[in-house]
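A.B. asks: Provided herewith is a single structure, encoded as C-alpha cells, for subsequent inquiry.
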Amino acid sequence: MRHFGHISPTVRKDLFHQEPAEFTGASPARVLAAALGATLYSPATRPTLAADIRKQAGRGVVSMVLCLEDSISDADVAGAEENLVRQFAELEADATELPLLFIRVRTPEQIPDLVRRLGGSVRRLAGFVLPKFDESRGIAFLEAVAQAEAASGQPRLYAMPVLETPELLHLETRVEALAGISRTVNAYRERVLALRLGVTDFCSAYGLRRTPDMTAYDVQIVAGVIADVVNVLSRADGTGFTVTGPVWEYFRSQQRLFKPQLRRSPFLEEGVEELRTALIEHDLDGLLREIELDRANGLLGKTCIHPAHVTPVHALSVVSHEEFSDAQDILRPERGGGGVMRSAYTNKMNEVKPHRAWAERTMLRAEVFGVAKEEVGFVDLLTAGLQV
C-alpha cells in the first residue's frame, strides 16, 4: 500500500516531487508508525464491515481500528466479537489490498480469545489498540498480545496503547503515571507501534467539550497533558515513540462538502477560495488548524471517526518542497561537523546540529507521504485525493 495510491499514477506524477513509498505490514515499525496517517475508527458492530473496509481502502485509508470499546454498548460486545470473526473470514479470501487493521479491545482476555476465533484470517490483523492504558493494566495487555502472537504463528502483532486515564490528566498523579507508562512501553518496545491520545476522555473528566472552532490546544488542561506526554514519551534521542494526534469530533457529509468545488480546477484562484470557504463553513477549518498544531507539537497521524477527515489529514502530512529542501541541506554528509547556512529558499537559517532531529523526522515523513512539487499546495493535494 502507499499514501495517495488510490489516485492515478499520472496525477501523482503531476503532484509529487518525490512520490510516497510503498509499504506493507512487514515494513519496519518506524515506517509503519509514521505511515499510519488518519487512522479511521469504526464500530465492530457494523454488519457490512468487510465491505466498508474495502471501500475505505479505495479512498486512501491505510489504517483502521475496529472498536469493541467505547463506540458500542456493553450489551453489544458479544455480538460485535462474533461479527468481527465473520467479517475477517470474508476478508481472508479477499485479494485486494487492505488497510492495516487493528482491534480495540476492552480487556486483556479478549485478545487471545479473538485471535483463536479468527483462525487463519488473523493474517489480516495488524494488532490491537489498548484502552485506558497505565502501568498495571498495560503489562497484562501487552503480555496478552505477545501470547496471542505466539499462539497464532503471526510474525508480528503490534500494540497501540491509548493514553486517557484520569491519573494521567490529574496534576498530582501525572508524573508517576507517565513514569509508569514509560517503564511499561519501554519493556515492550518492539511491540508498541505508536501511542494514541484519548482527548475525549480527558475532557470528560472535567465536563468539557471543545467546539468546532476550537482545537485541543485551546483547552489548556488538555494541551498541558499533550505537552507532558510528548516530553516524556516522544523524545528525538532514540528513546521516543510516535504519538498520534487526538480525534476531531465534528463532521458533515464528505460528498455534499466537496463535490461542488471539484467542478473548478484547484489551480484557479476562484476554485481555491471556494474550497477554503467550504472548509470553514463545514466545521473543518478547526480540523485543519489542529492538524498543523499536532505536527508543531510533535504528533504524527490522527485518530479519525469520519471518512471526510482522512484526506485533509493526509494532504497536510505531505512534506512541502521547501521542508524537503531544508532537510536535505541539513543532512548532507559534508555538514556532519555542524555549522549554519541560509536556506535554498533564502528565507530562514538552517543550523545543522539543532535542526538535525527535525530533518530526520521530516525525511521519514517524506518517505511515507511524499514530497510535493514546488508549485503544489494543500488544496491541490486535497482535491486530487477526493477525486476518486
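Labels for the C-alpha cells follow display order: chains A, B, ..., residues from 1 in each chain, ligands from 1.
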Mind the document's chain letters and residue numbers, and return as a VMD selection string the residues of region 164-261 of chain A that DSSP labels strand (DSSP E or B).
C.D. replies: chain A and resid 192 195 to 197 243 245 to 248
A.B. asks: Store the residues picked out above, limited to all heavy atoms, as a compact mmCIF listing (two decimals), in the first residue's frame.
C.D. replies:
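Once written, again-v2.txt looks like this:
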```
# COMPACT_ATOMS: atom_id res chain seq x y z
N VAL A 192 5.30 -2.12 20.66
CA VAL A 192 4.48 -0.90 20.69
C VAL A 192 4.73 -0.11 19.41
O VAL A 192 5.82 0.42 19.19
CB VAL A 192 4.81 -0.05 21.93
CG1 VAL A 192 4.02 1.26 21.89
CG2 VAL A 192 4.47 -0.82 23.20
N LEU A 195 1.68 5.40 20.22
CA LEU A 195 0.84 5.76 21.36
C LEU A 195 -0.25 6.70 20.89
O LEU A 195 0.02 7.62 20.11
CB LEU A 195 1.68 6.44 22.45
CG LEU A 195 2.90 5.66 22.94
CD1 LEU A 195 3.70 6.50 23.94
CD2 LEU A 195 2.48 4.34 23.58
N ARG A 196 -1.47 6.47 21.35
CA ARG A 196 -2.60 7.28 20.94
C ARG A 196 -3.14 8.06 22.14
O ARG A 196 -3.07 7.59 23.28
CB ARG A 196 -3.71 6.42 20.32
CG ARG A 196 -3.19 5.43 19.26
CD ARG A 196 -4.29 4.90 18.38
NE ARG A 196 -4.73 5.91 17.44
CZ ARG A 196 -4.16 6.13 16.25
NH1 ARG A 196 -3.13 5.40 15.86
NH2 ARG A 196 -4.62 7.06 15.46
N LEU A 197 -3.67 9.25 21.88
CA LEU A 197 -4.17 10.13 22.94
C LEU A 197 -5.70 10.09 22.99
O LEU A 197 -6.35 10.31 21.96
CB LEU A 197 -3.70 11.56 22.70
CG LEU A 197 -2.21 11.83 22.94
CD1 LEU A 197 -1.81 13.15 22.32
CD2 LEU A 197 -1.88 11.80 24.42
N VAL A 243 3.65 9.46 18.74
CA VAL A 243 2.41 9.78 19.42
C VAL A 243 1.48 10.39 18.38
O VAL A 243 1.85 11.32 17.66
CB VAL A 243 2.62 10.77 20.59
CG1 VAL A 243 1.30 11.10 21.27
CG2 VAL A 243 3.61 10.19 21.59
N GLY A 245 -2.15 12.19 16.88
CA GLY A 245 -3.00 13.32 17.24
C GLY A 245 -4.38 12.89 17.72
O GLY A 245 -4.86 11.80 17.39
N PRO A 246 -5.03 13.75 18.49
CA PRO A 246 -6.34 13.42 19.06
C PRO A 246 -7.45 13.44 18.02
O PRO A 246 -7.31 13.99 16.93
CB PRO A 246 -6.56 14.53 20.10
CG PRO A 246 -5.76 15.69 19.58
CD PRO A 246 -4.56 15.08 18.93
N VAL A 247 -8.57 12.85 18.38
CA VAL A 247 -9.71 12.75 17.47
C VAL A 247 -10.35 14.13 17.26
O VAL A 247 -10.36 14.97 18.16
CB VAL A 247 -10.76 11.77 18.03
CG1 VAL A 247 -11.41 12.29 19.30
CG2 VAL A 247 -11.82 11.43 16.99
N TRP A 248 -10.87 14.34 16.06
CA TRP A 248 -11.70 15.51 15.74
C TRP A 248 -13.15 15.02 15.66
O TRP A 248 -13.47 14.12 14.90
CB TRP A 248 -11.27 16.14 14.42
CG TRP A 248 -12.03 17.39 14.11
CD1 TRP A 248 -13.05 17.53 13.21
CD2 TRP A 248 -11.84 18.67 14.70
NE1 TRP A 248 -13.50 18.82 13.21
CE2 TRP A 248 -12.79 19.55 14.13
CE3 TRP A 248 -10.98 19.17 15.67
CZ2 TRP A 248 -12.88 20.89 14.48
CZ3 TRP A 248 -11.06 20.51 16.02
CH2 TRP A 248 -12.00 21.35 15.43
```
A.B. asks: I want to know what sits within 12 Å of Leu118 (chain A), based on only C-alpha atoms, with residues of the same chain fewer than 3 positions away left out; could you give that as JSON, numbers by chain?
C.D. replies: {"A": [81, 82, 83, 84, 85, 86, 87, 88, 89, 90, 91, 92, 103, 110, 111, 112, 113, 114, 115, 121, 122, 123, 124, 125, 148, 151, 152]}
A.B. asks: Using only C-alpha atoms, tabulate the residues of region 36-58 of chain A lying at most 10 Å from any atom of region 63-79 of chain A, each with its closest atom pair and that distance in Å to one decimal, by chain and increasing residue number, as a tab-separated table.
C.D. replies:
```
residue	atom	partner	partner_atom	distance
A:Leu36	CA	A:Ser63	CA	5.7
A:Gly37	CA	A:Ser63	CA	7.3
A:Ala38	CA	A:Ser63	CA	7.1
A:Thr39	CA	A:Ser63	CA	4.9
A:Leu40	CA	A:Met64	CA	4.7
A:Tyr41	CA	A:Val65	CA	4.6
A:Ser42	CA	A:Leu66	CA	5.1
A:Pro43	CA	A:Cys67	CA	4.8
A:Ala44	CA	A:Cys67	CA	5.1
A:Thr45	CA	A:Gly79	CA	7.2
A:Arg46	CA	A:Leu66	CA	9.5
A:Leu49	CA	A:Leu66	CA	8.8
A:Ile53	CA	A:Met64	CA	8.0
A:Gln56	CA	A:Met64	CA	9.1
A:Ala57	CA	A:Ser63	CA	8.7
```
A.B. asks: Have a look at A:Leu382, A:Glu322, A:Ala308, A:Gly240 and name the one nearest to Lys348 (chain A); count only C-alpha atoms.
C.D. replies: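 Nearest candidate to Lys348 (chain A) out of A:Leu382, A:Glu322, A:Ala308, A:Gly240: A:Glu322.
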A.B. asks: May I ask for the distance between CA of Pro166 (chain A) and CA of Ala80 (chain A), given in Å to one decimal place?
C.D. replies: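 Atom-to-atom, CA of Pro166 (chain A) to CA of Ala80 (chain A), that is 27.3 Å.
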A.B. asks: By how many Å are CA of Pro20 (chain A) and CA of Gly60 (chain A) apart?
C.D. replies: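 Calculated distance between CA of Pro20 (chain A) and CA of Gly60 (chain A) is 12.4 Å.
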A.B. asks: Please provide as a list in words all residues within 9 Å of Arg30 (chain A), with the sequence filter that same-chain residues fewer than 2 positions apart are discarded (counting only C-alpha atoms).
C.D. replies: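 Using only C-alpha atoms, the neighbours found are Ser27, Pro28, Leu32, Ala33, Ala34, Ala35, Leu193, Phe241, Thr242 and Leu364 of chain A.
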A.B. asks: Closest to Ala187 (chain A) among A:Asp228, A:Glu292, A:Asp218, A:Glu135, using only C-alpha atoms?
C.D. replies: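 When distances to Ala187 (chain A) are compared using only C-alpha atoms, the smallest one comes from A:Glu135.
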